[in-house]
Amino acid sequence: ASVQVQLVVPIVVVFGPGSVPGDLPRPLPFRDVQEMEISVNLRTSVTSRYEMLYRSTTGQEEAALAAATAREADAALHPLQDTTLGSLIMYVVTETSPLLPQGINVYVGKHRSALVRAGGSLAALQARLREVTQVMSFTASSIAAALSDRVPDGQLSPDARRYLKSSLGYEITFSLLNPDPKSHTVDWDIEGAVTCYVKPVLDKLSLVANFSVDSQILYYAVLGVTPRYDKESSSFLLSAHSLPHVINPVEARLGSSAASLYPVLNFLLYVPERSHSPLYIQDKDGAPVSTNAFHSPRWGGIMVYNVEAPASPQASLPLHVDVDMARVMEVFLAQLRLLFGLSRDELPPEFLLESPGNEGLADWELDRLLWAHTVENIATVSTTLTSLAQLLDKIGNIVIKDDVASEVYRAVASVQSAVAKLSLGRLHAAFQASKEAVTSSEKAFFDPSLLHLLYFPDDQKFAIYIPLFLPMAVPILLSLAKIVRETRQRKKEPTKMD
Amino acid sequence: VCTSRFWFNYRHVANTLSVYRSVKRLGIPDSHIVLMLADDMACNPRNPKPATVFSHKNMELNVYGDDVEVDYRSYEVTVENFLRVLTGRIPPSTPRSKRLLSDDRSNILIYMTGHGGNGFLKFQDSEEITNVELADAFEQMWQKRRYNELLFIIDTCQGASMYERFYSPNIMALASSQVGEDSLSHQPDLGIGVHLMDRYTFYVLEFLEEIHPASQTNMNDLFQVCPKSLCVSTPGHRTDLFQRDPQNVLITDFFGSVRKVEITTETVSLDRDVAGFESKFPEEELATEPLKYAEQLPVAQIIHQKPKQKDWHPPGGFILGLWALIIMVFFKTYGIKHMKHVF
């Protein structure tokens, strides 16, 4: 099915004092629109439309921009903004402004604002603004990755199918693996850690989906791979190419949650046995990984937590281990971000990003997720409904119940509303509408009553009905023939008889 | 999927369990396997060695083991349930273990065995699934992207007819015999009294025993398994719908499971002084009461109970009518004069 979606991002560009370029086409304030086409394939096209409003600073904003550092300026500017979900505001400062450190041209705050250094001409500034906008909302590749269903396999980017698919909910399971309880008694305050560190992040992500968290401790669960002993560092090493074989033997022991059908994200903390301590993970170049953790797309992550050897060899076993939950959660939350596709690695060096702190992700990163998920939802709904229509065309004798029909109508109405709201720049409402559309369309497509077991091939029809009807038909046809012959004879008879 | 019931179809259950065992050995967990067995051979009253299912004569290899999780058993193995699992059109009350929760990055292996013919596979001796229905089910799966690549293996008579009608992309199919040929069974075991395995699956199992999770054997080797000299029938395969070259497809892509992993290089910086966090456990654990099971079944009372007096009910309408009929017939036959002798 063809999908034509227009993504509208409202952007406000505020010129600080002294930063107005000389070659403005019109005096401030003025509006401008820039459109770009992201074409995925013949029938799917996504146009992005940046509606820019250029204006100069108000008195309060000027005072805020006079702060000492970019972070303070951003904090002071935040209460003056009224940015809704999906919109951006950018403050342009002079080329020589001390607000941005040397070599940094863009500072991205943790809400939806950025400080951009002026670039001389308007064209240079606009190029920089476009770069910032793409970082903070969506790029052609992030949209194409969301629509990976429709892209032919050969052209898929490596990011496609790497991130979690848009779903109504996710289940997060934290597991502690203790293969050697004789040597280590491991205590982890997972409840406290979840309340303090994980909950703020999940609360921020609650806009995207429902999250549920559980935890478990597994004893005598070993990795499927034997680590190699390295004499130089007198430690055990897990090489990068043996990591893929670690997950499956463990997964069999993890148990799957029987209750929900949402995708499960597993985060495992592995405390190596006394005989295999310390255990480090090697990357492809042979260097030990600083986080001592790895993750698998769409599955979860594993972190190895090394316990120091006891001070004296006669120390009584088992050793009591209190897990440093903050350090562990730093890694797990980073893995959670990476699983969702929020990476900060691929940015140009002149960008400075503000750390979102305990919230886990910045407002604009949430927007990135919402843009990608909304587009993905709309594409999914369109494919589902088209395929349902094709199924009904092909198999004529499927009966559509009333509730299936009403779900289909609701899905169509919701997806049309989502597309309309996207073209108005209202991301939050568009996302909610797209979620409703996905729920309704999946319910309609996967309704148990739509099973088509009624296929009768022609040769089966002949094989069943001919042996039944042919013997019956023979005397009937012969009698009919006899009747016809008799009536014809009788017609001739009266002429013979007198 | 094993589709046959009755004791003399022991070999079909043994086939299915052998493939199940190989797949588990190569790393796929039970949560990712849907096993459908139409009859219970291990605990069948006719099994001289209960709780075992052997695949080699002289009882060399017990493929039942002690770690088998059967998801659809006995009469639950029907064409309808099979199609429901594939297409996902399952009633909401179905547990997770009975569902196929695959997505667009899942590689699916489907192995079916039983009695089949030209274009159909018999389920439970009472119904059949046709190759057209199977092809349509796969197309429904493709429309919802419920698989990335699919490998379909079938070990029945005239098995190649089952994959003739596939038309969805990314499907590779193998069958044990061509149209017009029968798939033969391997060897009987005189102790158990039935044929233990089918030839094609026997040689596939031998081939799979050599594979380990890191092995680089590709699909072309699987196509060579069981040539006509050993199998008597000619195995067939179909790869035209598959996008990759079979040379590049590893056996472990379908039979085992090797995940893509990435090293985690980023961390989130967390503020540790967050209010409300207790980082120390209490020094001693509180002494808790020892747990015990609640008195669920008062066994002592049940053993010494007297049988409950059943209340007397007057005979129902059916009994009354039957007796009235018998009496009427009797007196009709022998004459009404006997009535006064009865009363």
# chains A, B, ... in the order shown; residues from 1 in each chain; ligands from 1

$ interface_residues --of "chain A" --to "chain B" --cutoff "8 Å" --atoms "only C-alpha atoms" --output "PyMOL selection string"
chain A and resi 149+161+189+192-193+196-197+243-245+247-249+251-252+255-256+258-261+283+289-297+326+330-331+333-335+355+357-358+360+383-384+387+445-451+453+455

$ select_by_dssp --residues "segment 278-341 of chain A" --states "helix (DSSP H, G or I)" --output "number ranges by chain"
A: 325-340

$ write_last_selection --atoms "N, CA, C and O atoms" --output "PDB file, in the first residue's frame"
ATOM      1  N   MET A 325      25.192  -1.052  42.820  1.00  0.00           N
ATOM      2  CA  MET A 325      24.087  -0.989  41.855  1.00  0.00           C
ATOM      3  C   MET A 325      24.186   0.214  40.951  1.00  0.00           C
ATOM      4  O   MET A 325      23.752   0.166  39.810  1.00  0.00           O
ATOM      5  N   ALA A 326      24.793   1.300  41.443  1.00  0.00           N
ATOM      6  CA  ALA A 326      24.873   2.495  40.594  1.00  0.00           C
ATOM      7  C   ALA A 326      25.734   2.204  39.375  1.00  0.00           C
ATOM      8  O   ALA A 326      25.371   2.529  38.236  1.00  0.00           O
ATOM      9  N   ARG A 327      26.881   1.557  39.615  1.00  0.00           N
ATOM     10  CA  ARG A 327      27.754   1.256  38.483  1.00  0.00           C
ATOM     11  C   ARG A 327      27.067   0.307  37.506  1.00  0.00           C
ATOM     12  O   ARG A 327      27.183   0.442  36.293  1.00  0.00           O
ATOM     13  N   VAL A 328      26.361  -0.655  38.058  1.00  0.00           N
ATOM     14  CA  VAL A 328      25.667  -1.634  37.213  1.00  0.00           C
ATOM     15  C   VAL A 328      24.570  -0.967  36.408  1.00  0.00           C
ATOM     16  O   VAL A 328      24.423  -1.198  35.207  1.00  0.00           O
ATOM     17  N   MET A 329      23.812  -0.093  37.066  1.00  0.00           N
ATOM     18  CA  MET A 329      22.699   0.540  36.363  1.00  0.00           C
ATOM     19  C   MET A 329      23.189   1.512  35.314  1.00  0.00           C
ATOM     20  O   MET A 329      22.518   1.724  34.300  1.00  0.00           O
ATOM     21  N   GLU A 330      24.375   2.100  35.523  1.00  0.00           N
ATOM     22  CA  GLU A 330      24.907   2.988  34.478  1.00  0.00           C
ATOM     23  C   GLU A 330      25.055   2.216  33.179  1.00  0.00           C
ATOM     24  O   GLU A 330      24.736   2.712  32.093  1.00  0.00           O
ATOM     25  N   VAL A 331      25.553   0.978  33.308  1.00  0.00           N
ATOM     26  CA  VAL A 331      25.747   0.184  32.099  1.00  0.00           C
ATOM     27  C   VAL A 331      24.415  -0.303  31.548  1.00  0.00           C
ATOM     28  O   VAL A 331      24.159  -0.228  30.337  1.00  0.00           O
ATOM     29  N   PHE A 332      23.552  -0.794  32.435  1.00  0.00           N
ATOM     30  CA  PHE A 332      22.286  -1.340  31.949  1.00  0.00           C
ATOM     31  C   PHE A 332      21.437  -0.269  31.286  1.00  0.00           C
ATOM     32  O   PHE A 332      20.800  -0.508  30.257  1.00  0.00           O
ATOM     33  N   LEU A 333      21.416   0.929  31.876  1.00  0.00           N
ATOM     34  CA  LEU A 333      20.609   1.982  31.265  1.00  0.00           C
ATOM     35  C   LEU A 333      21.207   2.428  29.943  1.00  0.00           C
ATOM     36  O   LEU A 333      20.478   2.749  29.005  1.00  0.00           O
ATOM     37  N   ALA A 334      22.540   2.406  29.855  1.00  0.00           N
ATOM     38  CA  ALA A 334      23.146   2.727  28.563  1.00  0.00           C
ATOM     39  C   ALA A 334      22.758   1.684  27.525  1.00  0.00           C
ATOM     40  O   ALA A 334      22.450   2.003  26.375  1.00  0.00           O
ATOM     41  N   GLN A 335      22.743   0.411  27.941  1.00  0.00           N
ATOM     42  CA  GLN A 335      22.341  -0.646  27.020  1.00  0.00           C
ATOM     43  C   GLN A 335      20.878  -0.489  26.622  1.00  0.00           C
ATOM     44  O   GLN A 335      20.511  -0.706  25.464  1.00  0.00           O
ATOM     45  N   LEU A 336      20.054  -0.078  27.576  1.00  0.00           N
ATOM     46  CA  LEU A 336      18.641   0.131  27.254  1.00  0.00           C
ATOM     47  C   LEU A 336      18.506   1.215  26.194  1.00  0.00           C
ATOM     48  O   LEU A 336      17.745   1.087  25.232  1.00  0.00           O
ATOM     49  N   ARG A 337      19.276   2.302  26.342  1.00  0.00           N
ATOM     50  CA  ARG A 337      19.228   3.372  25.338  1.00  0.00           C
ATOM     51  C   ARG A 337      19.668   2.850  23.982  1.00  0.00           C
ATOM     52  O   ARG A 337      19.071   3.147  22.953  1.00  0.00           O
ATOM     53  N   LEU A 338      20.751   2.053  23.981  1.00  0.00           N
ATOM     54  CA  LEU A 338      21.256   1.556  22.701  1.00  0.00           C
ATOM     55  C   LEU A 338      20.261   0.611  22.051  1.00  0.00           C
ATOM     56  O   LEU A 338      20.129   0.586  20.826  1.00  0.00           O
ATOM     57  N   LEU A 339      19.570  -0.177  22.862  1.00  0.00           N
ATOM     58  CA  LEU A 339      18.579  -1.085  22.289  1.00  0.00           C
ATOM     59  C   LEU A 339      17.468  -0.311  21.615  1.00  0.00           C
ATOM     60  O   LEU A 339      16.915  -0.752  20.612  1.00  0.00           O
ATOM     61  N   PHE A 340      17.146   0.860  22.173  1.00  0.00           N
ATOM     62  CA  PHE A 340      16.110   1.662  21.547  1.00  0.00           C
ATOM     63  C   PHE A 340      16.633   2.486  20.387  1.00  0.00           C
ATOM     64  O   PHE A 340      15.868   3.100  19.667  1.00  0.00           O
TER      65      PHE A 340
END

$ residues_around --residues "Val92 of chain A" --least-positions-apart "4" --cutoff "7 Å" --atoms "only C-alpha atoms" --output "CSV table (one decimal) with C-alpha atoms, in the first residue's frame"
chain,number,residue,atom,x,y,z
A,14,VAL,CA,16.1,33.1,18.0
A,15,PHE,CA,18.9,35.5,17.1
A,16,GLY,CA,20.9,36.7,20.1
A,19,SER,CA,24.4,37.4,15.8
A,115,LEU,CA,22.7,27.0,21.2
A,116,VAL,CA,24.2,27.5,17.8
A,117,ARG,CA,27.2,29.6,16.8
A,118,ALA,CA,26.5,32.0,13.9

$ atom_distance --atom1 "atom CA of Gly119 of chain A" --atom2 "atom CA of Ala76 of chain A"
24.2 Å

$ atom_distance --atom1 "atom CA of Val3 of chain A" --atom2 "atom CA of Arg162 of chain A"
22.7 Å

$ residues_around --residues "Thr439 of chain A" --least-positions-apart "6" --cutoff "12 Å" --atoms "only C-alpha atoms" --output "number ranges by chain"
A: 166-169, 377-378, 380-381, 384, 407-408, 410-412, 414-415, 432-433, 445-447

$ atom_distance --atom1 "atom CA of Met36 of chain A" --atom2 "atom CA of Ser141 of chain A"
13.3 Å

$ residues_around --residues "Ala14 of chain B" --least-positions-apart "6" --cutoff "8 Å" --atoms "only C-alpha atoms" --output "PyMOL selection string"
chain B and resi 53-55+63+196-197

$ write_last_selection --atoms "N, CA, C and O atoms" --output "PDB file, in the first residue's frame"
ATOM      1  N   VAL B  53      11.987 -43.226  23.749  1.00  0.00           N
ATOM      2  CA  VAL B  53      11.695 -43.320  22.325  1.00  0.00           C
ATOM      3  C   VAL B  53      13.052 -43.467  21.666  1.00  0.00           C
ATOM      4  O   VAL B  53      13.903 -42.583  21.793  1.00  0.00           O
ATOM      5  N   PHE B  54      13.277 -44.583  21.006  1.00  0.00           N
ATOM      6  CA  PHE B  54      14.602 -44.841  20.449  1.00  0.00           C
ATOM      7  C   PHE B  54      14.656 -44.519  18.979  1.00  0.00           C
ATOM      8  O   PHE B  54      13.667 -44.647  18.261  1.00  0.00           O
ATOM      9  N   SER B  55      15.835 -44.125  18.537  1.00  0.00           N
ATOM     10  CA  SER B  55      15.966 -43.830  17.118  1.00  0.00           C
ATOM     11  C   SER B  55      16.897 -44.800  16.421  1.00  0.00           C
ATOM     12  O   SER B  55      16.911 -44.855  15.207  1.00  0.00           O
ATOM     13  N   VAL B  63      15.890 -40.654  22.223  1.00  0.00           N
ATOM     14  CA  VAL B  63      15.683 -39.247  21.873  1.00  0.00           C
ATOM     15  C   VAL B  63      14.640 -38.584  22.758  1.00  0.00           C
ATOM     16  O   VAL B  63      14.412 -37.389  22.646  1.00  0.00           O
ATOM     17  N   LEU B 196      11.754 -47.871  13.674  1.00  0.00           N
ATOM     18  CA  LEU B 196      12.104 -46.815  14.613  1.00  0.00           C
ATOM     19  C   LEU B 196      12.215 -45.444  13.977  1.00  0.00           C
ATOM     20  O   LEU B 196      11.953 -44.451  14.608  1.00  0.00           O
ATOM     21  N   MET B 197      12.692 -45.363  12.754  1.00  0.00           N
ATOM     22  CA  MET B 197      12.913 -44.053  12.138  1.00  0.00           C
ATOM     23  C   MET B 197      12.652 -44.175  10.654  1.00  0.00           C
ATOM     24  O   MET B 197      12.699 -45.253  10.089  1.00  0.00           O
TER      25      MET B 197
END

$ residues_around --residues "Ala420 of chain A" --least-positions-apart "4" --cutoff "9 Å" --atoms "only C-alpha atoms" --output "count of residues only"
7

$ residues_around --residues "Asp182 of chain B" --least-positions-apart "4" --cutoff "7 Å" --atoms "only C-alpha atoms" --output "PyMOL selection string"
chain B and resi 157-158+177+233

$ write_last_selection --atoms "N, CA, C and O atoms" --output "compact mmCIF listing (two decimals), in the first residue's frame"
# COMPACT_ATOMS: atom_id res chain seq x y z
N CYS B 157 5.73 -39.52 2.32
CA CYS B 157 5.69 -40.00 0.94
C CYS B 157 5.32 -38.84 0.03
O CYS B 157 4.48 -38.02 0.39
N GLN B 158 5.94 -38.77 -1.13
CA GLN B 158 5.65 -37.72 -2.12
C GLN B 158 5.78 -36.33 -1.50
O GLN B 158 5.00 -35.43 -1.77
N SER B 177 11.20 -37.15 -0.54
CA SER B 177 10.96 -37.93 -1.76
C SER B 177 10.23 -37.07 -2.78
O SER B 177 9.57 -36.10 -2.43
N SER B 233 14.42 -43.39 -1.99
CA SER B 233 13.69 -42.29 -2.62
C SER B 233 14.67 -41.18 -2.95
O SER B 233 15.78 -41.16 -2.44
